[in-house]
file upload23.pdb (PDB, C-alpha atoms, pLDDT in the B column)
MODEL        1
ATOM      1  CA  MET A 201      73.521  -2.226  14.859  1.00 46.00           C
ATOM      2  CA  GLN A 202      76.803  -3.792  15.994  1.00 51.00           C
ATOM      3  CA  ASP A 203      79.472  -4.753  13.515  1.00 55.00           C
ATOM      4  CA  ALA A 204      80.910  -8.115  14.566  1.00 60.00           C
ATOM      5  CA  GLU A 205      84.171  -7.186  12.827  1.00 79.00           C
ATOM      6  CA  VAL A 206      84.712  -4.220  15.134  1.00 80.00           C
ATOM      7  CA  PRO A 207      86.164  -5.231  18.512  1.00 87.00           C
ATOM      8  CA  VAL A 208      84.515  -4.049  21.710  1.00 93.00           C
ATOM      9  CA  LEU A 209      87.752  -2.224  22.511  1.00 95.00           C
ATOM     10  CA  ASP A 210      90.175  -1.205  19.771  1.00 95.00           C
ATOM     11  CA  LEU A 211      93.566  -1.614  21.422  1.00 92.00           C
ATOM     12  CA  VAL A 212      95.290   0.206  18.559  1.00 93.00           C
ATOM     13  CA  VAL A 213      93.468   3.371  19.596  1.00 93.00           C
ATOM     14  CA  LEU A 214      94.705   2.975  23.174  1.00 91.00           C
ATOM     15  CA  THR A 215      98.265   2.344  21.985  1.00 90.00           C
ATOM     16  CA  GLU A 216      98.148   5.456  19.793  1.00 93.00           C
ATOM     17  CA  LEU A 217      96.692   7.463  22.667  1.00 91.00           C
ATOM     18  CA  LYS A 218      99.530   6.334  24.915  1.00 89.00           C
ATOM     19  CA  GLU A 219     102.060   7.329  22.245  1.00 92.00           C
ATOM     20  CA  THR A 220     100.513  10.782  21.795  1.00 92.00           C
ATOM     21  CA  THR A 221     100.688  11.393  25.536  1.00 88.00           C
ATOM     22  CA  GLY A 222     104.436  10.815  25.626  1.00 88.00           C
ATOM     23  CA  ASP A 223     104.034   7.136  26.483  1.00 85.00           C
ATOM     24  CA  ASP A 224     102.444   8.040  29.810  1.00 85.00           C
ATOM     25  CA  PRO A 225     100.412   5.003  30.899  1.00 84.00           C
ATOM     26  CA  GLU A 226      99.222   6.713  34.103  1.00 89.00           C
ATOM     27  CA  PHE A 227      97.690   9.552  32.115  1.00 90.00           C
ATOM     28  CA  VAL A 228      95.875   7.094  29.843  1.00 90.00           C
ATOM     29  CA  ARG A 229      94.743   5.107  32.871  1.00 91.00           C
ATOM     30  CA  ASP A 230      93.337   8.317  34.397  1.00 93.00           C
ATOM     31  CA  LEU A 231      91.475   9.023  31.148  1.00 94.00           C
ATOM     32  CA  VAL A 232      90.018   5.514  31.166  1.00 95.00           C
ATOM     33  CA  GLU A 233      88.969   5.794  34.815  1.00 95.00           C
ATOM     34  CA  THR A 234      87.293   9.144  34.133  1.00 97.00           C
ATOM     35  CA  TYR A 235      85.518   7.611  31.132  1.00 97.00           C
ATOM     36  CA  LEU A 236      84.363   4.617  33.187  1.00 97.00           C
ATOM     37  CA  ALA A 237      82.870   6.973  35.782  1.00 97.00           C
ATOM     38  CA  ASP A 238      81.218   9.201  33.161  1.00 98.00           C
ATOM     39  CA  VAL A 239      79.544   6.633  30.902  1.00 98.00           C
ATOM     40  CA  PRO A 240      76.745   5.732  33.349  1.00 97.00           C
ATOM     41  CA  ILE A 241      75.934   9.449  33.665  1.00 98.00           C
ATOM     42  CA  GLN A 242      75.694   9.834  29.880  1.00 98.00           C
ATOM     43  CA  LEU A 243      73.614   6.659  29.552  1.00 98.00           C
ATOM     44  CA  GLY A 244      71.282   8.005  32.238  1.00 98.00           C
ATOM     45  CA  GLY A 245      70.912  11.245  30.291  1.00 98.00           C
ATOM     46  CA  ILE A 246      70.138   9.318  27.114  1.00 98.00           C
ATOM     47  CA  GLU A 247      67.545   7.170  28.849  1.00 97.00           C
ATOM     48  CA  ALA A 248      65.942  10.180  30.572  1.00 98.00           C
ATOM     49  CA  ALA A 249      65.687  12.068  27.272  1.00 98.00           C
ATOM     50  CA  ILE A 250      64.027   9.100  25.601  1.00 97.00           C
ATOM     51  CA  ALA A 251      61.651   8.571  28.526  1.00 96.00           C
ATOM     52  CA  ALA A 252      60.670  12.247  28.284  1.00 97.00           C
ATOM     53  CA  ASN A 253      60.398  11.989  24.481  1.00 96.00           C
ATOM     54  CA  ASP A 254      62.821  14.941  24.294  1.00 97.00           C
ATOM     55  CA  ALA A 255      64.905  14.709  21.130  1.00 97.00           C
ATOM     56  CA  GLU A 256      66.869  17.862  21.905  1.00 97.00           C
ATOM     57  CA  ALA A 257      67.874  16.565  25.345  1.00 98.00           C
ATOM     58  CA  LEU A 258      69.205  13.398  23.703  1.00 98.00           C
ATOM     59  CA  ILE A 259      71.837  15.215  21.647  1.00 98.00           C
ATOM     60  CA  ARG A 260      74.347  16.229  24.340  1.00 98.00           C
ATOM     61  CA  PRO A 261      74.713  12.925  26.246  1.00 98.00           C
ATOM     62  CA  ALA A 262      74.751  10.938  23.009  1.00 98.00           C
ATOM     63  CA  HIS A 263      77.387  13.241  21.494  1.00 98.00           C
ATOM     64  CA  THR A 264      79.505  13.145  24.641  1.00 98.00           C
ATOM     65  CA  LEU A 265      79.323   9.358  24.801  1.00 98.00           C
ATOM     66  CA  LYS A 266      80.128   9.052  21.089  1.00 98.00           C
ATOM     67  CA  SER A 267      83.190  11.269  21.326  1.00 97.00           C
ATOM     68  CA  SER A 268      84.650   9.873  24.531  1.00 97.00           C
ATOM     69  CA  SER A 269      84.059   6.285  23.410  1.00 97.00           C
ATOM     70  CA  ALA A 270      85.779   6.875  20.073  1.00 96.00           C
ATOM     71  CA  THR A 271      88.708   8.632  21.762  1.00 95.00           C
ATOM     72  CA  LEU A 272      89.344   5.594  23.955  1.00 96.00           C
ATOM     73  CA  GLY A 273      88.669   2.915  21.341  1.00 96.00           C
ATOM     74  CA  ALA A 274      85.171   1.774  22.325  1.00 97.00           C
ATOM     75  CA  MET A 275      84.142   1.973  18.689  1.00 95.00           C
ATOM     76  CA  ARG A 276      80.922  -0.057  18.817  1.00 96.00           C
ATOM     77  CA  LEU A 277      79.614   2.055  21.691  1.00 97.00           C
ATOM     78  CA  ALA A 278      80.689   5.147  19.765  1.00 97.00           C
ATOM     79  CA  GLU A 279      78.697   3.974  16.746  1.00 95.00           C
ATOM     80  CA  VAL A 280      75.467   3.312  18.633  1.00 96.00           C
ATOM     81  CA  SER A 281      75.917   6.666  20.392  1.00 97.00           C
ATOM     82  CA  ARG A 282      76.331   8.334  16.999  1.00 97.00           C
ATOM     83  CA  ALA A 283      73.016   6.817  15.905  1.00 96.00           C
ATOM     84  CA  LEU A 284      71.380   8.184  19.053  1.00 97.00           C
ATOM     85  CA  GLU A 285      72.867  11.625  18.452  1.00 98.00           C
ATOM     86  CA  MET A 286      71.572  11.655  14.892  1.00 97.00           C
ATOM     87  CA  THR A 287      68.125  10.632  16.123  1.00 96.00           C
ATOM     88  CA  GLY A 288      68.177  13.529  18.552  1.00 97.00           C
ATOM     89  CA  ARG A 289      69.263  15.919  15.836  1.00 97.00           C
ATOM     90  CA  SER A 290      66.362  14.747  13.658  1.00 95.00           C
ATOM     91  CA  GLY A 291      64.008  16.308  16.193  1.00 95.00           C
ATOM     92  CA  THR A 292      61.809  13.229  16.507  1.00 93.00           C
ATOM     93  CA  LEU A 293      62.303  10.135  18.614  1.00 95.00           C
ATOM     94  CA  ASP A 294      61.142   6.906  17.027  1.00 90.00           C
ATOM     95  CA  ALA A 295      61.312   3.268  18.128  1.00 89.00           C
ATOM     96  CA  SER A 296      64.958   3.082  17.077  1.00 92.00           C
ATOM     97  CA  ALA A 297      65.898   5.510  19.856  1.00 95.00           C
ATOM     98  CA  ASP A 298      64.741   3.133  22.578  1.00 95.00           C
ATOM     99  CA  ASP A 299      66.322   0.158  20.790  1.00 95.00           C
ATOM    100  CA  ASN A 300      69.615   2.032  20.416  1.00 95.00           C
ATOM    101  CA  ALA A 301      69.555   3.125  24.070  1.00 96.00           C
ATOM    102  CA  LYS A 302      69.121  -0.501  25.111  1.00 96.00           C
ATOM    103  CA  GLY A 303      71.921  -1.447  22.704  1.00 95.00           C
ATOM    104  CA  ALA A 304      74.167   1.221  24.210  1.00 96.00           C
ATOM    105  CA  ARG A 305      73.494  -0.075  27.710  1.00 96.00           C
ATOM    106  CA  ALA A 306      74.313  -3.647  26.626  1.00 95.00           C
ATOM    107  CA  GLU A 307      77.421  -2.514  24.761  1.00 96.00           C
ATOM    108  CA  TRP A 308      78.515  -0.578  27.853  1.00 97.00           C
ATOM    109  CA  GLN A 309      78.634  -3.826  29.832  1.00 96.00           C
ATOM    110  CA  SER A 310      81.008  -5.291  27.243  1.00 95.00           C
ATOM    111  CA  VAL A 311      83.125  -2.129  27.185  1.00 96.00           C
ATOM    112  CA  GLU A 312      83.360  -2.015  30.962  1.00 96.00           C
ATOM    113  CA  ALA A 313      84.546  -5.642  31.068  1.00 95.00           C
ATOM    114  CA  ALA A 314      87.052  -5.019  28.263  1.00 95.00           C
ATOM    115  CA  PHE A 315      88.519  -1.986  30.038  1.00 95.00           C
ATOM    116  CA  SER A 316      88.758  -3.920  33.296  1.00 93.00           C
ATOM    117  CA  ALA A 317      90.757  -6.628  31.521  1.00 92.00           C
ATOM    118  CA  TRP A 318      92.895  -4.001  29.761  1.00 91.00           C
ATOM    119  CA  MET A 319      93.705  -2.247  33.029  1.00 88.00           C
ATOM    120  CA  VAL A 320      94.765  -5.551  34.639  1.00 87.00           C
ATOM    121  CA  GLY A 321      97.020  -6.171  31.640  1.00 82.00           C
ATOM    122  CA  GLU A 322      98.488  -2.680  31.929  1.00 78.00           C
ATOM    123  CA  GLU A 323      99.303  -3.259  35.594  1.00 71.00           C
ATOM    124  CA  ARG A 324     101.242  -6.371  34.654  1.00 69.00           C
ATOM    125  CA  GLY A 325     103.162  -4.402  32.071  1.00 60.00           C
TER     126      GLY A 325
ENDMDL
END

call {"tool": "encode", "arguments": {"input": "upload23.pdb", "output": "structure tokens"}}
result
Amino acid sequence: MQDAEVPVLDLVVLTELKETTGDDPEFVRDLVETYLADVPIQLGGIEAAIAANDAEALIRPAHTLKSSSATLGAMRLAEVSRALEMTGRSGTLDASADDNAKGARAEWQSVEAAFSAWMVGEERG
């Protein structure tokens, strides 16, 4: 599921995001903080959809998590979220859905730690 070659947090994506926002680190920091607050909500939606065996309800939180993770460089979390979205779109939840949800939750812990370290580094300049 996880590609060991892909970092938890792709710093190139964050650098490019900062450049596209006019080199505004506060704006990027706000985006990251919003993302950090939103991920647990999306993970909860994913887990609730799987618990209810509701493939359609899985699509939106998985898609949202995939997109926001990719935008901010959390590429491994984006990939597992993509797999969850595709499972939802298939219309049938199988054992991989639960495994991928658990993988997303575990990956989230790594992403959260990586962003915490990144934000400390950004404060130091």

call {"tool": "resolve_selection", "arguments": {"input": "upload23.pdb", "expression": "the PyMOL selection byres ((chain A and resi 313-323) around 12)", "output": "PyMOL selection string"}}
result
chain A and resi 207-211+214-215+218+224-226+228-236+269+272-274+306-312+324-325

call {"tool": "atom_distance", "arguments": {"input": "upload23.pdb", "atom1": "atom CA of A:Ser281", "atom2": "atom CA of A:Ser268"}}
result
10.2 Å

call {"tool": "resolve_selection", "arguments": {"input": "upload23.pdb", "expression": "the PyMOL selection byres ((chain A and resi 243) around 12)", "output": "JSON, numbers by chain"}}
result
{"A": [236, 237, 238, 239, 240, 241, 242, 244, 245, 246, 247, 248, 249, 250, 258, 259, 260, 261, 262, 263, 264, 265, 266, 277, 280, 281, 284, 298, 300, 301, 302, 303, 304, 305, 306, 307, 308, 309]}

call {"tool": "atom_distance", "arguments": {"input": "upload23.pdb", "atom1": "atom CA of A:Ala270", "atom2": "atom CA of A:Ser296"}}
result
21.4 Å

call {"tool": "closest_residue", "arguments": {"input": "upload23.pdb", "among": "A:Asp254, A:Ser267, A:Asp223, A:Glu279", "to": "A:Thr292", "atoms": "all atoms listed in the file"}}
result
A:Asp254

call {"tool": "atom_distance", "arguments": {"input": "upload23.pdb", "atom1": "atom CA of A:Ala257", "atom2": "atom CA of A:Gly291"}}
result
9.9 Å
